[in-house]
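File shown here: coords26.cif, holding mmCIF, C-alpha atoms.
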data_structure
#
loop_
_atom_site.label_atom_id
_atom_site.label_comp_id
_atom_site.auth_asym_id
_atom_site.auth_seq_id
_atom_site.Cartn_x
_atom_site.Cartn_y
_atom_site.Cartn_z
CA MET A 15 61.28 -64.48 -42.25
CA GLU A 16 60.69 -67.02 -39.53
CA PRO A 17 59.29 -65.70 -36.23
CA LEU A 18 61.49 -65.24 -33.21
CA LYS A 19 61.26 -68.31 -30.99
CA VAL A 20 61.06 -67.45 -27.30
CA LEU A 21 60.89 -69.86 -24.37
CA HIS A 22 59.15 -68.52 -21.25
CA ILE A 23 59.97 -70.39 -18.02
CA ILE A 24 57.79 -69.98 -14.92
CA GLY A 25 56.98 -72.00 -11.82
CA GLY A 26 53.29 -72.15 -12.63
CA GLY A 27 52.29 -73.61 -9.27
CA GLU A 28 49.80 -70.80 -8.76
CA PHE A 29 47.86 -68.32 -10.86
CA GLY A 30 49.07 -64.87 -9.90
CA GLY A 31 50.29 -61.69 -11.53
CA ALA A 32 53.19 -63.25 -13.42
CA GLU A 33 50.99 -65.98 -14.89
CA ARG A 34 48.34 -63.44 -15.89
CA HIS A 35 51.11 -61.35 -17.45
CA ILE A 36 52.18 -64.25 -19.68
CA LEU A 37 48.59 -65.00 -20.71
CA ASN A 38 47.98 -61.37 -21.71
CA LEU A 39 51.33 -61.07 -23.49
CA CYS A 40 50.86 -64.26 -25.49
CA GLY A 41 47.36 -63.25 -26.48
CA ALA A 42 48.51 -59.87 -27.79
CA LEU A 43 51.78 -60.74 -29.54
CA ASP A 44 51.80 -61.10 -33.33
CA THR A 45 52.33 -64.86 -33.79
CA LYS A 46 53.90 -64.25 -37.20
CA ALA A 47 56.59 -62.19 -35.49
CA VAL A 48 57.09 -64.01 -32.18
CA GLU A 49 56.46 -67.69 -31.41
CA ILE A 50 56.07 -68.34 -27.68
CA THR A 51 56.49 -71.62 -25.82
CA VAL A 52 55.81 -71.69 -22.08
CA CYS A 53 57.50 -74.21 -19.78
CA CYS A 54 56.11 -74.70 -16.26
CA LEU A 55 57.98 -76.29 -13.36
CA PHE A 56 54.78 -77.55 -11.69
CA ASN A 57 51.97 -79.58 -13.21
CA GLU A 58 49.20 -77.17 -12.29
CA PRO A 59 47.35 -74.90 -12.33
CA PHE A 60 48.99 -72.64 -14.90
CA ALA A 61 49.93 -75.22 -17.51
CA LYS A 62 46.29 -76.21 -17.92
CA ILE A 63 45.11 -72.60 -17.98
CA ALA A 64 47.71 -71.70 -20.62
CA ALA A 65 46.84 -74.72 -22.75
CA ARG A 66 43.14 -73.80 -22.65
CA ALA A 67 44.12 -70.33 -23.88
CA GLY A 68 45.79 -71.90 -26.91
CA ILE A 69 49.37 -71.32 -25.75
CA ARG A 70 52.03 -73.91 -26.61
CA CYS A 71 52.83 -75.16 -23.11
CA LEU A 72 54.76 -78.03 -21.55
CA VAL A 73 55.75 -79.11 -18.06
CA LEU A 74 59.11 -80.21 -16.66
CA PRO A 75 58.02 -80.85 -13.07
CA MET A 76 60.40 -80.41 -10.17
CA ARG A 77 60.30 -83.34 -7.73
CA HIS A 78 61.38 -81.07 -4.87
CA LYS A 79 62.65 -77.52 -4.32
CA ALA A 80 66.28 -78.49 -4.94
CA ASP A 81 65.66 -80.61 -8.04
CA PHE A 82 68.45 -79.25 -10.22
CA SER A 83 68.08 -82.10 -12.70
CA VAL A 84 65.41 -79.99 -14.35
CA ALA A 85 68.13 -77.58 -15.50
CA GLY A 86 69.58 -80.34 -17.70
CA LYS A 87 66.16 -81.08 -19.16
CA LEU A 88 65.63 -77.39 -19.85
CA ALA A 89 69.04 -77.18 -21.53
CA ALA A 90 68.08 -80.03 -23.87
CA LEU A 91 64.76 -78.33 -24.60
CA ILE A 92 66.54 -75.08 -25.50
CA ARG A 93 69.11 -76.81 -27.72
CA ASN A 94 66.68 -79.12 -29.52
CA ASN A 95 64.06 -76.50 -30.32
CA GLY A 96 66.24 -73.67 -31.56
CA PHE A 97 64.97 -70.97 -29.23
CA ASP A 98 66.40 -67.52 -29.90
CA LEU A 99 65.67 -66.13 -26.43
CA VAL A 100 64.92 -67.48 -22.95
CA HIS A 101 62.59 -65.41 -20.78
CA THR A 102 62.27 -66.25 -17.06
CA HIS A 103 59.76 -65.29 -14.37
CA GLY A 104 60.24 -65.87 -10.63
CA VAL A 105 63.14 -66.97 -8.43
CA ARG A 106 62.92 -70.71 -9.16
CA ALA A 107 62.49 -70.23 -12.90
CA ASN A 108 65.24 -67.61 -12.95
CA LEU A 109 67.74 -69.97 -11.34
CA LEU A 110 66.98 -73.04 -13.46
CA GLY A 111 66.49 -71.07 -16.66
CA ARG A 112 69.80 -69.26 -16.27
CA LEU A 113 71.72 -72.47 -15.51
CA ALA A 114 70.01 -74.31 -18.37
CA ASP A 115 70.79 -71.55 -20.82
CA ARG A 116 74.48 -71.67 -19.87
CA GLN A 117 74.50 -75.45 -20.47
CA ALA A 118 72.68 -75.05 -23.79
CA GLY A 119 75.27 -72.71 -25.28
CA LYS A 120 74.19 -69.27 -24.11
CA ARG A 121 71.20 -67.74 -25.84
CA LYS A 122 70.18 -64.32 -24.58
CA VAL A 123 68.31 -64.52 -21.26
CA ILE A 124 65.65 -62.01 -20.24
CA THR A 125 64.23 -61.88 -16.72
CA THR A 126 61.03 -60.05 -15.88
CA VAL A 127 60.95 -58.69 -12.33
CA HIS A 128 57.31 -58.62 -11.26
CA SER A 129 57.71 -57.71 -7.59
CA PHE A 130 60.10 -56.79 -4.81
CA LEU A 131 61.53 -60.15 -3.70
CA GLU A 132 61.91 -59.20 -0.05
CA MET A 133 58.18 -58.46 0.17
CA ASP A 134 57.12 -61.80 -1.31
CA TYR A 135 58.62 -64.01 1.39
CA PRO A 136 57.67 -63.15 4.99
CA GLY A 137 59.89 -65.86 6.54
CA PHE A 138 63.39 -64.49 7.24
CA PHE A 139 65.44 -67.56 6.26
CA TYR A 140 63.32 -68.35 3.21
CA ARG A 141 63.62 -64.73 2.12
CA LEU A 142 67.36 -64.72 2.73
CA GLY A 143 67.90 -67.93 0.77
CA ASN A 144 65.89 -66.79 -2.22
CA SER A 145 67.57 -63.37 -2.25
CA LEU A 146 71.01 -64.98 -2.15
CA VAL A 147 70.24 -67.39 -4.99
CA GLU A 148 68.79 -64.59 -7.10
CA ARG A 149 71.77 -62.29 -6.66
CA LEU A 150 74.37 -65.03 -7.22
CA THR A 151 72.90 -65.94 -10.63
CA ARG A 152 71.74 -62.48 -11.69
CA SER A 153 74.81 -61.94 -13.87
CA LEU A 154 73.62 -64.78 -16.13
CA THR A 155 70.68 -62.64 -17.25
CA ASP A 156 71.46 -60.42 -20.24
CA HIS A 157 68.56 -58.03 -19.81
CA PHE A 158 65.86 -57.31 -17.26
CA ILE A 159 62.30 -56.14 -17.73
CA THR A 160 60.69 -54.45 -14.75
CA VAL A 161 56.97 -53.76 -14.60
CA SER A 162 57.53 -50.35 -12.98
CA LYS A 163 60.18 -47.66 -12.61
CA GLY A 164 60.10 -48.32 -8.86
CA LEU A 165 61.33 -51.86 -9.46
CA LYS A 166 63.97 -50.61 -11.88
CA ASP A 167 65.28 -48.26 -9.18
CA LYS A 168 65.48 -51.22 -6.78
CA LEU A 169 67.57 -53.23 -9.23
CA VAL A 170 69.88 -50.30 -9.92
CA SER A 171 70.39 -49.81 -6.18
CA GLN A 172 71.43 -53.47 -5.99
CA GLY A 173 74.09 -53.04 -8.65
CA VAL A 174 72.32 -53.92 -11.91
CA PRO A 175 73.48 -51.51 -14.66
CA GLU A 176 70.70 -49.17 -15.75
CA ASP A 177 71.25 -49.92 -19.44
CA LYS A 178 70.41 -53.59 -18.78
CA ILE A 179 66.88 -52.74 -17.59
CA THR A 180 63.78 -51.84 -19.60
CA VAL A 181 60.51 -50.77 -17.98
CA ILE A 182 57.45 -52.32 -19.64
CA TYR A 183 54.18 -51.84 -17.79
CA ASN A 184 51.75 -54.72 -17.41
CA GLY A 185 48.78 -54.51 -19.73
CA ILE A 186 45.22 -55.76 -19.54
CA VAL A 187 42.91 -57.17 -22.19
CA LEU A 188 40.30 -54.45 -22.40
CA GLU A 189 37.58 -56.80 -23.63
CA GLU A 190 37.68 -58.59 -20.27
CA PHE A 191 36.66 -55.41 -18.47
CA ASN A 192 33.24 -54.72 -19.90
CA PRO A 193 31.02 -56.71 -17.52
CA VAL A 194 27.31 -56.12 -17.20
CA ARG A 195 26.84 -54.15 -14.01
CA ASN A 196 24.19 -55.50 -11.69
CA ALA A 197 24.86 -53.98 -8.30
CA ALA A 198 21.34 -54.80 -7.11
CA ASN A 199 22.14 -58.51 -7.34
CA THR A 200 25.38 -58.06 -5.41
CA ARG A 201 23.66 -56.13 -2.65
CA ARG A 202 20.90 -58.72 -2.51
CA LYS A 203 23.43 -61.57 -2.38
CA TYR A 204 25.19 -60.06 0.62
CA GLY A 205 22.10 -58.67 2.31
CA LEU A 206 23.02 -55.01 1.79
CA ASP A 207 20.79 -51.97 1.50
CA ALA A 208 20.24 -50.96 -2.12
CA SER A 209 21.62 -47.45 -1.48
CA ALA A 210 24.67 -48.46 0.55
CA PRO A 211 27.97 -47.21 -0.94
CA LEU A 212 30.28 -50.19 -1.54
CA VAL A 213 33.98 -49.79 -0.81
CA GLY A 214 36.19 -52.79 -1.56
CA VAL A 215 39.70 -54.14 -1.49
CA VAL A 216 40.67 -56.81 -4.03
CA ALA A 217 43.79 -58.79 -3.12
CA ARG A 218 45.01 -62.07 -1.73
CA LEU A 219 44.90 -61.99 2.06
CA HIS A 220 48.63 -61.55 2.62
CA PRO A 221 50.46 -59.17 4.99
CA VAL A 222 51.95 -57.08 2.18
CA LYS A 223 48.45 -56.12 1.00
CA GLY A 224 47.78 -54.14 4.19
CA HIS A 225 44.26 -55.40 4.91
CA ARG A 226 44.70 -54.50 8.57
CA PHE A 227 44.96 -50.83 7.65
CA PHE A 228 41.92 -51.12 5.39
CA LEU A 229 39.83 -52.47 8.28
CA GLU A 230 41.08 -49.86 10.73
CA ALA A 231 40.32 -47.13 8.18
CA ALA A 232 36.85 -48.64 7.69
CA ARG A 233 36.14 -48.13 11.38
CA GLU A 234 37.06 -44.43 11.07
CA VAL A 235 34.95 -44.03 7.93
CA LEU A 236 31.92 -45.59 9.63
CA GLN A 237 32.09 -43.02 12.41
CA GLN A 238 31.24 -40.37 9.80
CA ARG A 239 29.49 -42.45 7.13
CA PRO A 240 27.61 -45.29 8.87
CA ASP A 241 25.84 -46.13 5.58
CA VAL A 242 29.02 -47.41 3.90
CA ARG A 243 29.64 -51.13 3.55
CA PHE A 244 33.03 -52.75 2.95
CA LEU A 245 33.94 -55.80 0.86
CA VAL A 246 37.15 -57.79 1.33
CA ILE A 247 37.39 -59.62 -1.98
CA GLY A 248 39.79 -62.54 -2.13
CA ASP A 249 41.10 -65.30 0.07
CA GLY A 250 44.31 -66.31 1.78
CA PRO A 251 45.95 -67.43 5.02
CA LEU A 252 45.14 -64.22 6.90
CA ARG A 253 41.37 -64.56 6.59
CA PRO A 254 40.69 -65.90 10.13
CA SER A 255 42.83 -63.24 11.80
CA LEU A 256 41.32 -60.46 9.68
CA GLU A 257 37.78 -61.59 10.49
CA GLU A 258 38.76 -61.58 14.15
CA LEU A 259 40.18 -58.07 13.78
CA ALA A 260 36.94 -56.83 12.21
CA ALA A 261 35.06 -58.21 15.21
CA GLN A 262 37.48 -56.57 17.63
CA LEU A 263 37.03 -53.24 15.85
CA GLY A 264 33.27 -53.57 16.15
CA ILE A 265 32.67 -53.47 12.40
CA ALA A 266 32.03 -57.14 11.60
CA GLY A 267 28.45 -56.33 10.62
CA GLN A 268 29.60 -53.75 8.07
CA VAL A 269 32.40 -55.81 6.50
CA ILE A 270 31.86 -58.77 4.18
CA PHE A 271 34.60 -61.29 3.42
CA THR A 272 33.67 -62.72 0.04
CA GLY A 273 36.34 -65.42 -0.14
CA PHE A 274 37.52 -66.55 -3.57
CA VAL A 275 35.62 -64.87 -6.41
CA GLU A 276 35.89 -66.30 -9.92
CA ASP A 277 34.63 -63.26 -11.84
CA ILE A 278 36.58 -60.43 -10.24
CA PRO A 279 35.80 -57.80 -12.93
CA ALA A 280 32.05 -58.30 -12.53
CA LEU A 281 32.17 -57.78 -8.77
CA MET A 282 34.75 -55.00 -8.93
CA SER A 283 32.61 -53.08 -11.40
CA GLU A 284 29.85 -52.83 -8.78
CA LEU A 285 32.04 -51.05 -6.26
CA ASP A 286 31.65 -47.34 -5.66
CA LEU A 287 35.31 -47.16 -4.67
CA LEU A 288 38.33 -49.48 -4.82
CA VAL A 289 40.93 -49.21 -2.07
CA ILE A 290 44.50 -50.45 -2.41
CA SER A 291 46.07 -50.55 1.04
CA SER A 292 49.27 -52.37 0.06
CA LEU A 293 52.57 -51.79 1.79
CA TRP A 294 54.28 -52.55 -1.50
CA GLU A 295 53.25 -53.29 -5.09
CA GLY A 296 55.63 -53.97 -7.93
CA PHE A 297 53.12 -52.46 -10.33
CA GLY A 298 49.44 -52.10 -9.44
CA LEU A 299 47.44 -54.24 -11.85
CA THR A 300 44.30 -54.10 -9.70
CA ALA A 301 44.33 -50.32 -9.95
CA VAL A 302 44.53 -50.56 -13.75
CA GLU A 303 41.61 -52.99 -13.82
CA ALA A 304 39.47 -50.68 -11.67
CA MET A 305 40.38 -47.69 -13.85
CA ALA A 306 39.37 -49.63 -16.96
CA LEU A 307 36.02 -50.42 -15.32
CA GLY A 308 35.39 -46.78 -14.40
CA VAL A 309 35.74 -47.49 -10.67
CA PRO A 310 37.51 -44.72 -8.71
CA VAL A 311 40.65 -45.62 -6.77
CA VAL A 312 42.22 -44.63 -3.46
CA SER A 313 45.66 -46.19 -3.24
CA SER A 314 48.67 -46.27 -0.99
CA GLU A 315 51.67 -44.48 -2.40
CA ALA A 316 53.86 -47.58 -2.46
CA GLY A 317 56.13 -49.20 -5.02
CA GLY A 318 54.91 -48.79 -8.58
CA LEU A 319 51.41 -47.59 -7.65
CA PRO A 320 52.15 -43.85 -8.17
CA GLU A 321 53.06 -44.70 -11.77
CA VAL A 322 49.53 -46.03 -12.28
CA VAL A 323 47.43 -43.72 -10.08
CA ARG A 324 48.26 -40.04 -10.50
CA HIS A 325 47.28 -38.19 -7.35
CA GLY A 326 44.39 -35.81 -7.88
CA GLU A 327 44.18 -36.66 -11.59
CA THR A 328 43.23 -40.32 -11.94
CA GLY A 329 42.70 -41.16 -8.25
CA LEU A 330 43.99 -40.40 -4.78
CA LEU A 331 47.25 -41.51 -3.19
CA VAL A 332 47.84 -41.76 0.56
CA PRO A 333 50.91 -42.79 2.58
CA PRO A 334 51.10 -46.56 3.18
CA ALA A 335 50.13 -47.85 6.65
CA ASN A 336 48.47 -44.50 7.47
CA VAL A 337 44.97 -45.32 8.70
CA THR A 338 43.78 -41.75 9.17
CA ALA A 339 44.96 -40.62 5.72
CA LEU A 340 43.31 -43.65 4.12
CA ALA A 341 40.02 -42.99 5.90
CA ARG A 342 40.09 -39.33 4.84
CA GLY A 343 40.75 -40.34 1.25
CA ILE A 344 37.81 -42.73 1.23
CA ILE A 345 35.46 -40.15 2.71
CA TRP A 346 36.60 -37.44 0.30
CA MET A 347 36.00 -39.68 -2.72
CA LEU A 348 32.52 -40.63 -1.50
CA ASP A 349 31.65 -36.99 -0.78
CA HIS A 350 32.82 -35.49 -4.10
CA PRO A 351 31.10 -37.44 -6.89
CA GLU A 352 31.55 -34.78 -9.59
CA ALA A 353 35.31 -34.48 -9.08
CA VAL A 354 35.57 -38.26 -8.92
CA ALA A 355 33.67 -38.63 -12.21
CA GLU A 356 36.31 -36.46 -13.90
CA MET A 357 39.08 -38.55 -12.35
CA THR A 358 37.59 -41.77 -13.70
CA LYS A 359 37.38 -40.28 -17.21
CA ARG A 360 41.07 -39.36 -17.12
CA ALA A 361 41.87 -42.77 -15.66
CA SER A 362 40.20 -44.52 -18.60
CA VAL A 363 42.32 -42.52 -21.04
CA ALA A 364 45.48 -43.38 -19.09
CA VAL A 365 44.67 -47.10 -19.36
CA LEU A 366 44.24 -46.87 -23.13
CA GLU A 367 47.51 -45.01 -23.57
CA ASN A 368 49.75 -46.97 -21.21
CA PHE A 369 48.30 -50.14 -19.73
CA THR A 370 46.82 -52.37 -22.44
CA ALA A 371 48.10 -55.79 -23.47
CA ALA A 372 48.61 -54.45 -26.99
CA VAL A 373 50.99 -51.73 -25.76
CA MET A 374 52.83 -54.25 -23.55
CA ALA A 375 53.19 -56.71 -26.44
CA ARG A 376 54.49 -54.10 -28.87
CA ARG A 377 57.18 -52.92 -26.45
CA THR A 378 58.14 -56.50 -25.58
CA GLU A 379 58.49 -57.48 -29.24
CA GLU A 380 60.69 -54.42 -29.84
CA LEU A 381 62.95 -55.49 -26.99
CA TYR A 382 63.08 -59.11 -28.19
CA ARG A 383 64.16 -58.02 -31.64
CA ARG A 384 66.79 -55.64 -30.32
CA LEU A 385 68.31 -58.30 -28.06
CA ALA A 386 68.20 -60.99 -30.74
CA GLY A 387 69.64 -58.62 -33.35
CA TRP A 388 66.62 -58.99 -35.60
CA ARG A 389 64.65 -56.36 -37.44
CA ARG A 390 61.05 -56.93 -38.33
CA PRO A 391 60.51 -57.18 -42.10
#

Could I get this structure in the form of structure tokens?
Amino acid sequence: MEPLKVLHIIGGGEFGGAERHILNLCGALDTKAVEITVCCLFNEPFAKIAARAGIRCLVLPMRHKADFSVAGKLAALIRNNGFDLVHTHGVRANLLGRLADRQAGKRKVITTVHSFLEMDYPGFFYRLGNSLVERLTRSLTDHFITVSKGLKDKLVSQGVPEDKITVIYNGIVLEEFNPVRNAANTRRKYGLDASAPLVGVVARLHPVKGHRFFLEAAREVLQQRPDVRFLVIGDGPLRPSLEELAAQLGIAGQVIFTGFVEDIPALMSELDLLVISSLWEGFGLTAVEAMALGVPVVSSEAGGLPEVVRHGETGLLVPPANVTALARGIIWMLDHPEAVAEMTKRASVAVLENFTAAVMARRTEELYRRLAGWRRP
């Protein structure tokens, strides 16, 4: 039997969680069962990254944000290549993919919801416009995948029937999370004492990630544990204001802003504790990565994060935007190494059972086959 042919459509103008999701999914799917083609709406960076990973990838670039001519090109692509399913990611890809599929003669359309739309766009009018476009065309999607139960609940509250939604957690490639630990080099690079506990946050510098609360909690932690040092790993538009905040809090000498880091797993593995201070997360992939590396996690109890970090079992959860609770959680984890060691063991098991690319691919293939009406031979 020929494999199912599935077209994934994504903007591809950045390399974020949705792009990483597609890379991991394509790498884990059985190519004899499912044949994936990825279409990007921007020339880079994702198209080049996907091509280097051996994924069949093409680009139909949008000339501007309202370039609806791409929908016609997508429709021709769908018709001429005999795709069985169309799978979209992101507001722009959802809109054009849905319209193109209708023009092409209506294959089944799947949309993966990676995040809470209202949290992705801080500008009111931009957020309003994207939300309106998404809801007006949502009926053209036959089935939704959400990366957490929290996101499924959001869709249901907005009127999407529950039986049209399947939860499939994001999964990581475990082989990518076995870096050689060399904390001495990291401490030397940043001029840190060899015995200093390292507490870090790994996220783009964006308001939804709650870096402000991380820095304010760091000040409270340092009042009791002046030996701790804090790493802000990542880059983004908030960096100048966050560096200014650290100075205002009087902790600039104890906080290091690393900027962009190419090998995140290697640096993350050298942390004594990962903090997730987000106000919202659709899933919590960074938490999964830390758990796979054996790094303990203190996380805000927001969005899909409680589905990844089980409070008191695989990490600690604290209310979002609660500086005092976050500081207490950090201190408790640093002061109870034996209990934390047990948590990290349970966390590693949870990753193997629920959050690998292999598990994600198996569940996705099962859904593809059900929607296409195929059974695997």

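Here, the PyMOL selection byres ((chain A and resi 312) around 10) matches A:Leu287, A:Leu288, A:Val289, A:Ile290, A:Ser291, A:Ala301, A:Pro310, A:Val311, A:Ser313, A:Ser314, A:Glu315, A:Val323, A:His325, A:Thr328, A:Gly329, A:Leu330, A:Leu331, A:Val332, A:Leu340, A:Ala341, A:Gly343, A:Ile344, A:Trp346, A:Met347.
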
Check your understanding: Got a sec: who's within 12 Å of segment 366-377 of chain A, counting all atoms listed in the file, leaving out chain neighbours fewer than 3 positions off, as a PyMOL selection string?
Key -> chain A and resi 34-45+47-48+159-162+180-191+297-307+321-323+359-363+380-384+390

**Study point:** Explicit residue set for the PyMOL selection byres ((chain A and resi 275-278) around 9), as a list in words
**Key:**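 With the shown file as input, the PyMOL selection byres ((chain A and resi 275-278) around 9) matches Val216, Ile247, Gly248, Asp249, Thr272, Gly273, Phe274, Pro279, Ala280, Leu281, Met282 and Ser283 of chain A.
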
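Using only C-alpha atoms, the residues found no farther than 9 Å from Glu33 of chain A, other than those of its own chain fewer than 6 positions away, are Ile24, Gly26, Phe60, Ala64 and His103 of chain A.
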
**Study point:** Among listed residues A:Gly30, A:Gly119, A:Gly387, A:Pro175, nearest Gly96 of chain A (using all atoms listed in the file)
**Key:**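 Answer, going by the shortest atom-to-atom distance: A:Gly119.
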
**Study point:** Long-range neighbours of Arg70 of chain A as a VMD selection string, 8 Å cut-off, all atoms listed in the file, 6 positions minimum in chain
**Key:** chain A and resid 50 to 52 64

Check your understanding: So, counting all atoms listed in the file, which residue among A:Thr102, A:Ser145, A:Gln268, A:Asn95 is closest to Val213 of chain A?
Key ->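 Among the listed residues, the smallest separation from Val213 of chain A belongs to A:Gln268.
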
Exercise for review: Between atom CA of Glu176 of chain A and atom CA of Asp156 of chain A, measure the distance and give it in Å to one decimal.
Suggested key: 12.1 Å

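The space between atom CA of Leu252 of chain A and atom CA of Gly308 of chain A spans 29.2 Å.
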
Can you rebuild segment 262-285 of chain A with N, CA and C atoms and give it as a JSON list (two decimals), in the frame of the given file?
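This went into result.json:
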[["chain", "number", "residue", "atom", "x", "y", "z"],
["A", 262, "GLN", "N", 36.89, -57.36, 16.56],
["A", 262, "GLN", "CA", 37.48, -56.57, 17.63],
["A", 262, "GLN", "C", 37.26, -55.08, 17.42],
["A", 263, "LEU", "N", 37.25, -54.66, 16.16],
["A", 263, "LEU", "CA", 37.03, -53.24, 15.85],
["A", 263, "LEU", "C", 35.56, -52.85, 15.91],
["A", 264, "GLY", "N", 34.70, -53.84, 16.07],
["A", 264, "GLY", "CA", 33.27, -53.57, 16.15],
["A", 264, "GLY", "C", 32.61, -53.28, 14.82],
["A", 265, "ILE", "N", 33.21, -53.77, 13.73],
["A", 265, "ILE", "CA", 32.67, -53.47, 12.40],
["A", 265, "ILE", "C", 32.32, -54.74, 11.62],
["A", 266, "ALA", "N", 32.27, -55.87, 12.30],
["A", 266, "ALA", "CA", 32.03, -57.14, 11.60],
["A", 266, "ALA", "C", 30.72, -57.11, 10.82],
["A", 267, "GLY", "N", 29.73, -56.40, 11.31],
["A", 267, "GLY", "CA", 28.45, -56.33, 10.62],
["A", 267, "GLY", "C", 28.45, -55.46, 9.38],
["A", 268, "GLN", "N", 29.50, -54.64, 9.22],
["A", 268, "GLN", "CA", 29.60, -53.75, 8.07],
["A", 268, "GLN", "C", 30.67, -54.18, 7.07],
["A", 269, "VAL", "N", 31.34, -55.30, 7.36],
["A", 269, "VAL", "CA", 32.40, -55.81, 6.50],
["A", 269, "VAL", "C", 32.06, -57.22, 6.04],
["A", 270, "ILE", "N", 32.16, -57.46, 4.74],
["A", 270, "ILE", "CA", 31.86, -58.77, 4.18],
["A", 270, "ILE", "C", 33.13, -59.35, 3.58],
["A", 271, "PHE", "N", 33.49, -60.55, 4.00],
["A", 271, "PHE", "CA", 34.60, -61.29, 3.42],
["A", 271, "PHE", "C", 34.02, -62.23, 2.37],
["A", 272, "THR", "N", 34.30, -61.96, 1.12],
["A", 272, "THR", "CA", 33.67, -62.72, 0.04],
["A", 272, "THR", "C", 34.33, -64.07, -0.19],
["A", 273, "GLY", "N", 35.59, -64.23, 0.24],
["A", 273, "GLY", "CA", 36.34, -65.42, -0.14],
["A", 273, "GLY", "C", 36.72, -65.36, -1.60],
["A", 274, "PHE", "N", 37.11, -66.50, -2.17],
["A", 274, "PHE", "CA", 37.52, -66.55, -3.57],
["A", 274, "PHE", "C", 36.36, -66.16, -4.47],
["A", 275, "VAL", "N", 36.62, -65.30, -5.43],
["A", 275, "VAL", "CA", 35.62, -64.87, -6.41],
["A", 275, "VAL", "C", 36.16, -65.16, -7.80],
["A", 276, "GLU", "N", 35.42, -65.91, -8.59],
["A", 276, "GLU", "CA", 35.89, -66.30, -9.92],
["A", 276, "GLU", "C", 35.86, -65.14, -10.89],
["A", 277, "ASP", "N", 34.77, -64.37, -10.90],
["A", 277, "ASP", "CA", 34.63, -63.26, -11.84],
["A", 277, "ASP", "C", 34.91, -61.95, -11.12],
["A", 278, "ILE", "N", 36.19, -61.65, -10.95],
["A", 278, "ILE", "CA", 36.58, -60.43, -10.24],
["A", 278, "ILE", "C", 36.09, -59.17, -10.96],
["A", 279, "PRO", "N", 36.25, -59.03, -12.29],
["A", 279, "PRO", "CA", 35.80, -57.80, -12.93],
["A", 279, "PRO", "C", 34.32, -57.50, -12.70],
["A", 280, "ALA", "N", 33.48, -58.53, -12.72],
["A", 280, "ALA", "CA", 32.05, -58.30, -12.53],
["A", 280, "ALA", "C", 31.77, -57.73, -11.15],
["A", 281, "LEU", "N", 32.40, -58.28, -10.12],
["A", 281, "LEU", "CA", 32.17, -57.78, -8.77],
["A", 281, "LEU", "C", 32.84, -56.43, -8.56],
["A", 282, "MET", "N", 34.05, -56.26, -9.08],
["A", 282, "MET", "CA", 34.75, -55.00, -8.93],
["A", 282, "MET", "C", 33.98, -53.85, -9.57],
["A", 283, "SER", "N", 33.33, -54.13, -10.68],
["A", 283, "SER", "CA", 32.61, -53.08, -11.40],
["A", 283, "SER", "C", 31.44, -52.52, -10.60],
["A", 284, "GLU", "N", 30.99, -53.26, -9.59],
["A", 284, "GLU", "CA", 29.85, -52.83, -8.78],
["A", 284, "GLU", "C", 30.27, -52.03, -7.56],
["A", 285, "LEU", "N", 31.57, -51.86, -7.37],
["A", 285, "LEU", "CA", 32.04, -51.05, -6.26],
["A", 285, "LEU", "C", 31.88, -49.57, -6.56]]
